[in-house]
Amino acid sequence: MTATEERRTAFEDNDKKPLGHGRMLRKEDPRFIRGRGHYVDDLQLPGMLHLAILRAPMAHAKILSIDTSVAQAHPKVKLVVTGAMLAEKGLAWMPTLSNDVQAVLATDKVRFQGQEVAFVVAEDRYAARDALELIDVEYEILPPVIDVRKALEPDAPVIRTDLEGKTDNHCFDWETGDAAATQAVFDKADVVVTEDIVYPRVHPAPMETCGSVADFDAVEGKLTLWTTSQAPHAHRTLYAIVAGLPEHMIRVVSPDIGGGFGNKVPIYPGYVCSIVGSLLTGKPVKWMEDRSENLTSTGFARDYVMRGEIAATKDGRILAIRTNVLADHGAFNGTAAPVKYPAGFFGVFTGSYDLEAAYCHMTAVYTNKAPGGVAYACSFRITEAVYLVERIVDCLAYELKMDPVELRLRNLIKPEQFPYTTKTGWVYDSGNYEPTLREAMRIAGYDELRREQAEKRERGELMGIGVSFFTEAVGAGPRKDMDILGLGMADACELRVHPTGKAVVRLSCMSQGQGHETTFAQIVAEEIGIPPADIQVVKGDTDQTPFGLGTYGSRSTPVSGAAAAMVARKVRDKARIIASGMLEVSVADLEWEKGSFHVTGDPSKSVTIQDIAMRAHGAGDLPEGIEGGLDAEVCYNPSNLTYPHGAYICVVDVDPGTAEVKVRRFVAVDDCGTRINPMIIEGQVHGGLTDGVGMALMEIIAFDEDGNCLGGSLMDYLIPTALEVPDWETGFTVTPSPHHPIGAKGIGESATVGSPPAIVNAVVDALKPYGIRHADMPLTPSRVWEAMRGNHQPPI
Amino acid sequence: MRVTMTVNGEEVTREIEGRLLLVHFLRDHLGLTGTHWGCDTSNCGTCVVWLDNEPVKSCTVLAAMAGGHEVRTVEGLEQNGQLDPIQRGFMECHGLQCGFCTPGMMMTTRALLDRNPNPTQQEIREAISGQICRCTGYATIVRSVQWAAAEEAGTRTVLEEASS
């Protein structure tokens, strides 16, 4: 079924509001369409001051001196703070999410352009900016390390002189799979194809930049921090550890978030500065970064230089994949990934194929660039993994002169092989891959497209058809394997049913636009039959919600969603016992029909969930051993990740005169298991596909040889507008997750993961007459033009 | 300096610095936080408001330049408790996710419908091409505008809606 067909069905049933899963308009929209969202920068507190940050103008330099006296004399300035002042309080450095440290304000030297050097707190935001101009910093410029390939050369300047005994820019080495077994398979293979594949540095660039308002109440000793955080509970714990404040005296509130995409997972120096500013002034302090600060200093994404190798038989049986990766982690290792996974979930680079062997070796290095690395809807680096495998499989198809769909169909994991353990140890929970690919081919009219392409090639027109097939791994994760700085990646959920049968559900995860207020009300409604409109969803406030690790890596539905379903079932179990008392029958004689229990064989004898809620809080007798109330809480520890999959087909036209790429059509068929709200799912897919067009054709955070960021504004960092993307064509198949309570898998990042290879494969396919097997992103007109002239260069 | 302008039909006068941007005047001085700020360079369009019925990027207009003029913001779309069809269209067709670009998108597309009640998909895409949405991929925004156009023309039917 295509999404259009599904939409039509939904509209025909427009009056039937779902009492659970199904298309439902969003509960959060009435405030947004009136301009009454509550974003961090909307907050105005009495006496609030404004904070601005002075940043390094160059990539690598020693700080010789900082003179703040003129700035401090500015009539509207309340406070100027430098790294040296923070160092006195032990706050100059903070831990990153990868057990490295990062400077809050630089003390010894600056290590990337845009790094935080000092901050000013002033009466208004303009005055704070003015005062930055009055701070005099004397630097001694050092040679920067910009080219990741040269970072480990013996004479490379050492960036992390703060780390004791550090004599090079090595960050870590990591490997997965079996090197010897893989070599043995490569040795016997008919065909081996090798390609150097770069996934350049990009940036999530949410429309709302990062910021915070810190308000320290010295009398109560309580800090409230309104902040752009995708993980408020994890942030609170880290603030407690870093600042030494007792955790119960810290309240972190994420209000409405204007897009996250992983950009709002890390703790940034600006947040800490706002806290310090409030502690020192006794006033609320607001910090809101500008767009250039967002693009140059906050969590970037990707930056992997990969060599991919694939071994196959001559008739197209894929035997093994091997890769060697050079990872650019910037000046501090700020990767936001589970601790035991320094390369995130890159280990799923074996893709959707049944292989005999696989091996990856990775070397990560420091460079004079901003820290980050796991962001932009990447599902912990699965973007890079899927891009590698889907590109190298297309390179193999090129060499074998085989249709890329045919090659994939021959090698996809078969449905009877699930649960499938990959050669790198991932256990894919469920999948039925071929029907998904067939559905994408049906919607696209694949054979007809190939005929059209053949005709156009005859006429010298450049039309390309690109295919990708991906398997995602989302919903981190089982706490025995996965933690962030020691915090297990489980999520809790609390449900309270009020006496009148209305309910409030409290989540530990966070919405950055995904529509949790709707989806989670529907998950609970499906289980206990209270209409979604009667269920309030509370999230983002650590004083009001149970502990959990937040929203990133498409984990809300797989983890928190499971917790929500289970807590609702727990309430329903209690409701059943109360109902048995009300109807004077045994529990075994009751049947549940969404929203009520009735006596088996006599539907006229029934009580609704609302009746039960009133009885649970009322004065009447309750069955023995049952306490009053109808509340419950669960903490869900997933037994495995969930593995959504999808098949994407992209059609592009390349102008032979200008080398401009036009994405004419894009067909996306996704399988995320049980579909809770198809409208929201379609929206998640559309957004990710647009990210894919951006990364494949436009977006790059590049640097010049001095380390100046060349993508520091939206004039330089190009994001797709409505004119660069087609009218998306979506479809779906449904393969439920066997271990998730409602069979749902994550969907938030599938399209960002799956679409870049489809687009690049399409462009390379269009350029086939030029004998091109590979070209690196972003495929801007100038880069495609160079490729057409046999002069393709990697972008970094 | 003192500036006087009409905002959403109401005359306001404030003492301001001459360099104050209209977006900050609306947000910080009038508390109209529905208009957002997203870049510095007129690229993102989250700050679009109307100046004398023309959409402008309020991050690139000085508050002083709006003196003596009429400004309309997202807060002025709803009239007498009635949502504008463009607001309903965005809700009906999932034209928003995080909601940050939405006020600017609605102001631009409301202006589009005022001068072109029946725009084509391409005309809608061109109208919003100076604005960025990171969440929706634009297709649902196009549908939202088409929904509003059909609603205003009285031609919206269930099946048209579904195939839009």
# chains A, B, ... in the order shown; residues from 1 in each chain; ligands from 1
>>> select_by_dssp(residues="segment 582-772 of chain A", states="strand (DSSP E or B)", output="PyMOL selection string")
chain A and resi 590-593+596-599+602-608+631-636+642+645-654+661-671+673+703+709+729-732+744
>>> write_last_selection(atoms="N, CA and C atoms", output="compact mmCIF listing (two decimals), in the first residue's frame")
# COMPACT_ATOMS: atom_id res chain seq x y z
N LEU A 590 -13.58 -12.16 32.67
CA LEU A 590 -13.70 -10.84 32.06
C LEU A 590 -13.01 -10.79 30.71
N GLU A 591 -13.64 -10.08 29.78
CA GLU A 591 -13.01 -9.86 28.49
C GLU A 591 -12.77 -8.38 28.28
N TRP A 592 -11.63 -8.08 27.73
CA TRP A 592 -11.25 -6.67 27.47
C TRP A 592 -11.63 -6.32 26.05
N GLU A 593 -12.37 -5.25 25.91
CA GLU A 593 -12.61 -4.68 24.59
C GLU A 593 -12.19 -3.24 24.75
N SER A 596 -13.19 -1.07 27.85
CA SER A 596 -14.09 -1.63 28.87
C SER A 596 -13.86 -3.13 29.06
N PHE A 597 -14.27 -3.60 30.27
CA PHE A 597 -14.30 -5.04 30.54
C PHE A 597 -15.76 -5.48 30.55
N HIS A 598 -16.03 -6.62 29.96
CA HIS A 598 -17.37 -7.18 30.11
C HIS A 598 -17.27 -8.66 30.49
N VAL A 599 -18.38 -9.14 31.04
CA VAL A 599 -18.42 -10.53 31.48
C VAL A 599 -18.50 -11.42 30.25
N ASP A 602 -21.68 -12.19 28.23
CA ASP A 602 -22.76 -11.25 28.53
C ASP A 602 -22.24 -9.81 28.40
N PRO A 603 -22.15 -9.31 27.17
CA PRO A 603 -21.58 -7.98 26.94
C PRO A 603 -22.37 -6.86 27.63
N SER A 604 -23.60 -7.15 28.05
CA SER A 604 -24.37 -6.09 28.71
C SER A 604 -23.82 -5.79 30.11
N LYS A 605 -23.15 -6.78 30.69
CA LYS A 605 -22.52 -6.57 32.00
C LYS A 605 -21.10 -6.08 31.78
N SER A 606 -20.93 -4.75 31.83
CA SER A 606 -19.60 -4.22 31.54
C SER A 606 -19.32 -2.96 32.35
N VAL A 607 -18.05 -2.67 32.51
CA VAL A 607 -17.63 -1.39 33.12
C VAL A 607 -16.55 -0.77 32.24
N THR A 608 -16.64 0.54 32.12
CA THR A 608 -15.63 1.22 31.29
C THR A 608 -14.40 1.51 32.14
N ASP A 631 -2.49 4.10 39.17
CA ASP A 631 -1.24 4.63 38.65
C ASP A 631 -0.22 3.51 38.55
N ALA A 632 0.76 3.70 37.70
CA ALA A 632 1.84 2.71 37.61
C ALA A 632 3.07 3.35 37.00
N GLU A 633 4.20 2.70 37.20
CA GLU A 633 5.43 3.15 36.58
C GLU A 633 6.23 1.92 36.18
N VAL A 634 6.88 2.00 35.01
CA VAL A 634 7.79 0.92 34.63
C VAL A 634 9.08 1.53 34.11
N CYS A 635 10.13 0.74 34.19
CA CYS A 635 11.39 1.11 33.55
C CYS A 635 11.69 0.00 32.55
N TYR A 636 11.82 0.35 31.30
CA TYR A 636 11.97 -0.65 30.24
C TYR A 636 13.42 -0.75 29.80
N THR A 642 15.92 -2.53 17.76
CA THR A 642 14.99 -2.88 16.70
C THR A 642 15.65 -2.55 15.37
N HIS A 645 13.89 -1.45 8.23
CA HIS A 645 14.60 -1.49 6.95
C HIS A 645 13.81 -0.73 5.90
N GLY A 646 14.43 -0.55 4.75
CA GLY A 646 13.73 0.17 3.69
C GLY A 646 14.44 0.05 2.36
N ALA A 647 13.68 0.33 1.31
CA ALA A 647 14.21 0.32 -0.06
C ALA A 647 13.89 1.65 -0.71
N TYR A 648 14.91 2.32 -1.21
CA TYR A 648 14.73 3.65 -1.80
C TYR A 648 15.18 3.65 -3.25
N ILE A 649 14.43 4.35 -4.08
CA ILE A 649 14.81 4.50 -5.49
C ILE A 649 14.73 5.97 -5.86
N CYS A 650 15.82 6.47 -6.40
CA CYS A 650 15.91 7.89 -6.74
C CYS A 650 16.13 8.04 -8.25
N VAL A 651 15.47 9.00 -8.85
CA VAL A 651 15.65 9.30 -10.27
C VAL A 651 16.18 10.73 -10.39
N VAL A 652 17.32 10.87 -11.05
CA VAL A 652 17.88 12.21 -11.24
C VAL A 652 18.10 12.50 -12.72
N ASP A 653 18.12 13.78 -13.03
CA ASP A 653 18.54 14.25 -14.35
C ASP A 653 19.73 15.17 -14.13
N VAL A 654 20.78 14.95 -14.88
CA VAL A 654 21.96 15.81 -14.79
C VAL A 654 22.05 16.62 -16.07
N VAL A 661 22.41 18.77 -10.84
CA VAL A 661 21.64 17.56 -10.59
C VAL A 661 20.23 17.95 -10.14
N LYS A 662 19.24 17.38 -10.79
CA LYS A 662 17.86 17.60 -10.37
C LYS A 662 17.28 16.27 -9.92
N VAL A 663 16.82 16.21 -8.65
CA VAL A 663 16.16 14.99 -8.18
C VAL A 663 14.72 15.04 -8.70
N ARG A 664 14.45 14.22 -9.71
CA ARG A 664 13.13 14.26 -10.35
C ARG A 664 12.09 13.47 -9.54
N ARG A 665 12.48 12.29 -9.10
CA ARG A 665 11.55 11.47 -8.30
C ARG A 665 12.32 10.81 -7.17
N PHE A 666 11.61 10.54 -6.08
CA PHE A 666 12.22 9.75 -5.01
C PHE A 666 11.14 8.86 -4.39
N VAL A 667 11.37 7.57 -4.46
CA VAL A 667 10.42 6.59 -3.91
C VAL A 667 11.05 5.97 -2.66
N ALA A 668 10.33 6.05 -1.54
CA ALA A 668 10.84 5.49 -0.29
C ALA A 668 9.82 4.51 0.27
N VAL A 669 10.24 3.27 0.40
CA VAL A 669 9.37 2.27 1.05
C VAL A 669 10.05 1.87 2.36
N ASP A 670 9.38 2.16 3.45
CA ASP A 670 9.96 1.92 4.77
C ASP A 670 9.19 0.84 5.51
N ASP A 671 9.91 0.08 6.30
CA ASP A 671 9.30 -0.91 7.17
C ASP A 671 9.78 -0.63 8.59
N GLY A 673 7.96 -1.75 11.26
CA GLY A 673 7.11 -2.60 12.10
C GLY A 673 5.74 -1.97 12.27
N PHE A 703 36.90 23.25 5.41
CA PHE A 703 37.85 24.16 6.04
C PHE A 703 38.94 24.52 5.04
N CYS A 709 36.58 27.83 9.00
CA CYS A 709 35.39 27.08 8.62
C CYS A 709 34.74 27.76 7.42
N GLU A 729 7.47 10.23 -2.84
CA GLU A 729 6.54 9.11 -3.03
C GLU A 729 6.91 8.05 -2.00
N THR A 730 5.99 7.80 -1.08
CA THR A 730 6.33 6.86 -0.01
C THR A 730 5.40 5.65 -0.02
N GLY A 731 5.90 4.58 0.51
CA GLY A 731 5.11 3.36 0.68
C GLY A 731 5.62 2.63 1.90
N PHE A 732 5.02 1.50 2.20
CA PHE A 732 5.48 0.81 3.41
C PHE A 732 5.16 -0.68 3.35
N ALA A 744 6.74 -2.29 17.39
CA ALA A 744 7.17 -1.09 16.67
C ALA A 744 8.69 -1.00 16.62
>>> interface_residues(of="chain A", to="chain B", cutoff="7 Å", atoms="only C-alpha atoms", output="MDAnalysis selection string")
chainID A and resid 4 7:8 11:12 25 29 32:36 42 206:209 257:259 290:291 512:515 683 686:687 690 714:715 721:723 727:728
>>> select_by_dssp(residues="segment 14-119 of chain B", states="helix (DSSP H, G or I)", output="PyMOL selection string")
chain B and resi 22-29+58-60+63-66+74-76+85-92+102-115
>>> residues_around(residues="Glu10 of chain B", least_positions_apart="5", cutoff="12 Å", atoms="only C-alpha atoms", output="ChimeraX atom specification")
/B:4-5,30,69-73,76
>>> write_last_selection(atoms="C-alpha atoms", output="JSON list (two decimals), in the first residue's frame")
[["chain", "number", "residue", "atom", "x", "y", "z"],
["B", 4, "THR", "CA", 5.33, 54.07, 16.70],
["B", 5, "MET", "CA", 3.82, 51.39, 14.51],
["B", 30, "LEU", "CA", 6.30, 43.35, 22.67],
["B", 69, "HIS", "CA", 3.83, 51.18, 9.09],
["B", 70, "GLU", "CA", 1.56, 48.23, 9.71],
["B", 71, "VAL", "CA", 3.12, 45.00, 10.93],
["B", 72, "ARG", "CA", 1.29, 41.69, 11.09],
["B", 73, "THR", "CA", 2.68, 38.64, 12.83],
["B", 76, "GLY", "CA", -2.53, 38.22, 14.09]]
>>> atom_distance(atom1="atom CA of Thr281 of chain A", atom2="atom CA of Cys210 of chain A")
22.0 Å
>>> atom_distance(atom1="atom CA of Glu15 of chain B", atom2="atom CA of Gly282 of chain A")
27.8 Å
>>> atom_distance(atom1="atom CA of Thr674 of chain A", atom2="atom CA of Asp691 of chain A")
24.3 Å
>>> closest_residue(among="A:Leu142, A:Ala151, A:Ile321, A:Ser554", to="Val185 of chain A", atoms="only C-alpha atoms")
A:Ile321
>>> residues_around(residues="Ile16 of chain B", least_positions_apart="5", cutoff="10 Å", atoms="only C-alpha atoms", output="list of chain:residue names")
B:Met1, B:Arg2, B:Val3, B:Leu21, B:Phe25, B:His29, B:Ala63, B:Ala64
>>> residues_around(residues="Leu97 of chain A", least_positions_apart="2", cutoff="10 Å", atoms="only C-alpha atoms", output="PyMOL selection string")
chain A and resi 94-95+99-102+238+265-267+333-339+372+484-485
>>> write_last_selection(atoms="N, CA and C atoms", output="mmCIF file, in the first residue's frame")
data_model
loop_
_atom_site.group_PDB
_atom_site.id
_atom_site.type_symbol
_atom_site.label_atom_id
_atom_site.label_comp_id
_atom_site.auth_asym_id
_atom_site.auth_seq_id
_atom_site.Cartn_x
_atom_site.Cartn_y
_atom_site.Cartn_z
ATOM 1 N N MET A 94 35.352 20.186 31.182
ATOM 2 C CA MET A 94 34.219 19.324 31.528
ATOM 3 C C MET A 94 34.361 18.001 30.773
ATOM 4 N N PRO A 95 33.743 16.933 31.296
ATOM 5 C CA PRO A 95 33.822 15.662 30.568
ATOM 6 C C PRO A 95 32.948 15.710 29.316
ATOM 7 N N ASN A 99 34.033 10.183 27.454
ATOM 8 C CA ASN A 99 35.114 10.044 28.441
ATOM 9 C C ASN A 99 36.366 10.822 28.077
ATOM 10 N N ASP A 100 36.244 11.808 27.215
ATOM 11 C CA ASP A 100 37.336 12.749 26.975
ATOM 12 C C ASP A 100 36.982 13.993 27.804
ATOM 13 N N VAL A 101 37.792 15.021 27.710
ATOM 14 C CA VAL A 101 37.429 16.302 28.321
ATOM 15 C C VAL A 101 37.402 17.372 27.238
ATOM 16 N N GLN A 102 36.643 18.412 27.513
ATOM 17 C CA GLN A 102 36.522 19.537 26.587
ATOM 18 C C GLN A 102 36.614 20.813 27.413
ATOM 19 N N LEU A 238 24.806 14.831 34.634
ATOM 20 C CA LEU A 238 26.156 15.308 34.312
ATOM 21 C C LEU A 238 26.432 16.660 34.967
ATOM 22 N N VAL A 265 22.154 16.876 21.691
ATOM 23 C CA VAL A 265 22.485 15.805 22.627
ATOM 24 C C VAL A 265 23.643 16.203 23.548
ATOM 25 N N PRO A 266 24.740 16.746 23.019
ATOM 26 C CA PRO A 266 25.873 17.046 23.910
ATOM 27 C C PRO A 266 25.573 18.192 24.879
ATOM 28 N N ILE A 267 26.413 18.278 25.913
ATOM 29 C CA ILE A 267 26.404 19.462 26.772
ATOM 30 C C ILE A 267 27.441 20.417 26.202
ATOM 31 N N ASN A 333 37.155 14.602 21.779
ATOM 32 C CA ASN A 333 36.276 13.504 21.378
ATOM 33 C C ASN A 333 34.929 13.685 22.053
ATOM 34 N N GLY A 334 34.041 14.366 21.370
ATOM 35 C CA GLY A 334 32.717 14.659 21.920
ATOM 36 C C GLY A 334 31.647 13.751 21.358
ATOM 37 N N THR A 335 32.061 12.619 20.823
ATOM 38 C CA THR A 335 31.091 11.693 20.245
ATOM 39 C C THR A 335 30.032 11.314 21.275
ATOM 40 N N ALA A 336 28.782 11.441 20.877
ATOM 41 C CA ALA A 336 27.692 11.052 21.766
ATOM 42 C C ALA A 336 27.228 9.667 21.361
ATOM 43 N N ALA A 337 27.861 8.642 21.944
ATOM 44 C CA ALA A 337 27.500 7.268 21.610
ATOM 45 C C ALA A 337 27.678 6.420 22.862
ATOM 46 N N PRO A 338 27.032 5.245 22.910
ATOM 47 C CA PRO A 338 27.250 4.374 24.058
ATOM 48 C C PRO A 338 28.742 4.104 24.244
ATOM 49 N N VAL A 339 29.170 4.042 25.495
ATOM 50 C CA VAL A 339 30.598 4.041 25.817
ATOM 51 C C VAL A 339 31.373 2.912 25.125
ATOM 52 N N GLY A 372 32.432 16.691 18.099
ATOM 53 C CA GLY A 372 31.075 16.184 17.835
ATOM 54 C C GLY A 372 31.172 14.828 17.182
ATOM 55 N N ILE A 484 25.674 5.526 28.643
ATOM 56 C CA ILE A 484 26.308 6.813 28.375
ATOM 57 C C ILE A 484 26.933 7.247 29.690
ATOM 58 N N LEU A 485 28.257 7.283 29.746
ATOM 59 C CA LEU A 485 28.983 7.639 30.959
ATOM 60 C C LEU A 485 28.456 6.889 32.180
#
>>> closest_residue(among="A:Lys76, A:Arg149, A:Arg576, A:Arg251", to="Ala364 of chain A", atoms="only C-alpha atoms")
A:Arg149
>>> residues_around(residues="segment 531-536 of chain A", least_positions_apart="5", cutoff="12 Å", atoms="only C-alpha atoms", output="PyMOL selection string")
chain A and resi 16-28+494-498+500-507+516-526+568+594-595+609-610+677
>>> residues_around(residues="Ser508 of chain A", least_positions_apart="4", cutoff="10 Å", atoms="only C-alpha atoms", output="JSON, numbers by chain")
{"A": [231, 232, 233, 234, 490, 491, 492, 493, 494, 538, 539, 540, 541, 542, 544, 545, 546, 547, 548, 549, 550, 551, 556, 559, 560, 563, 635]}
>>> write_last_selection(atoms="C-alpha atoms", output="mmCIF file, in the first residue's frame")
data_model
loop_
_atom_site.group_PDB
_atom_site.id
_atom_site.type_symbol
_atom_site.label_atom_id
_atom_site.label_comp_id
_atom_site.auth_asym_id
_atom_site.auth_seq_id
_atom_site.Cartn_x
_atom_site.Cartn_y
_atom_site.Cartn_z
ATOM 1 C CA ALA A 231 18.270 14.316 26.966
ATOM 2 C CA PRO A 232 17.286 16.413 30.007
ATOM 3 C CA HIS A 233 17.770 13.663 32.603
ATOM 4 C CA ALA A 234 21.221 12.678 31.382
ATOM 5 C CA ALA A 490 16.771 2.183 29.737
ATOM 6 C CA ASP A 491 13.755 4.502 29.866
ATOM 7 C CA ALA A 492 10.934 4.804 32.349
ATOM 8 C CA CYS A 493 7.311 5.818 31.956
ATOM 9 C CA GLU A 494 4.724 6.780 34.539
ATOM 10 C CA VAL A 538 4.389 15.354 29.970
ATOM 11 C CA LYS A 539 8.028 15.359 28.926
ATOM 12 C CA GLY A 540 11.220 17.358 29.159
ATOM 13 C CA ASP A 541 11.030 18.458 32.807
ATOM 14 C CA THR A 542 13.205 16.451 35.168
ATOM 15 C CA GLN A 544 7.979 16.011 36.524
ATOM 16 C CA THR A 545 9.180 12.934 34.677
ATOM 17 C CA PRO A 546 10.902 9.658 35.542
ATOM 18 C CA PHE A 547 14.567 9.094 34.715
ATOM 19 C CA GLY A 548 15.601 8.030 31.228
ATOM 20 C CA LEU A 549 18.164 8.798 28.612
ATOM 21 C CA GLY A 550 16.216 10.947 26.181
ATOM 22 C CA THR A 551 15.629 11.059 22.460
ATOM 23 C CA SER A 556 11.803 7.102 21.559
ATOM 24 C CA VAL A 559 12.466 2.266 24.236
ATOM 25 C CA SER A 560 10.119 4.864 25.741
ATOM 26 C CA ALA A 563 7.712 1.612 28.436
ATOM 27 C CA CYS A 635 11.386 1.110 33.548
#
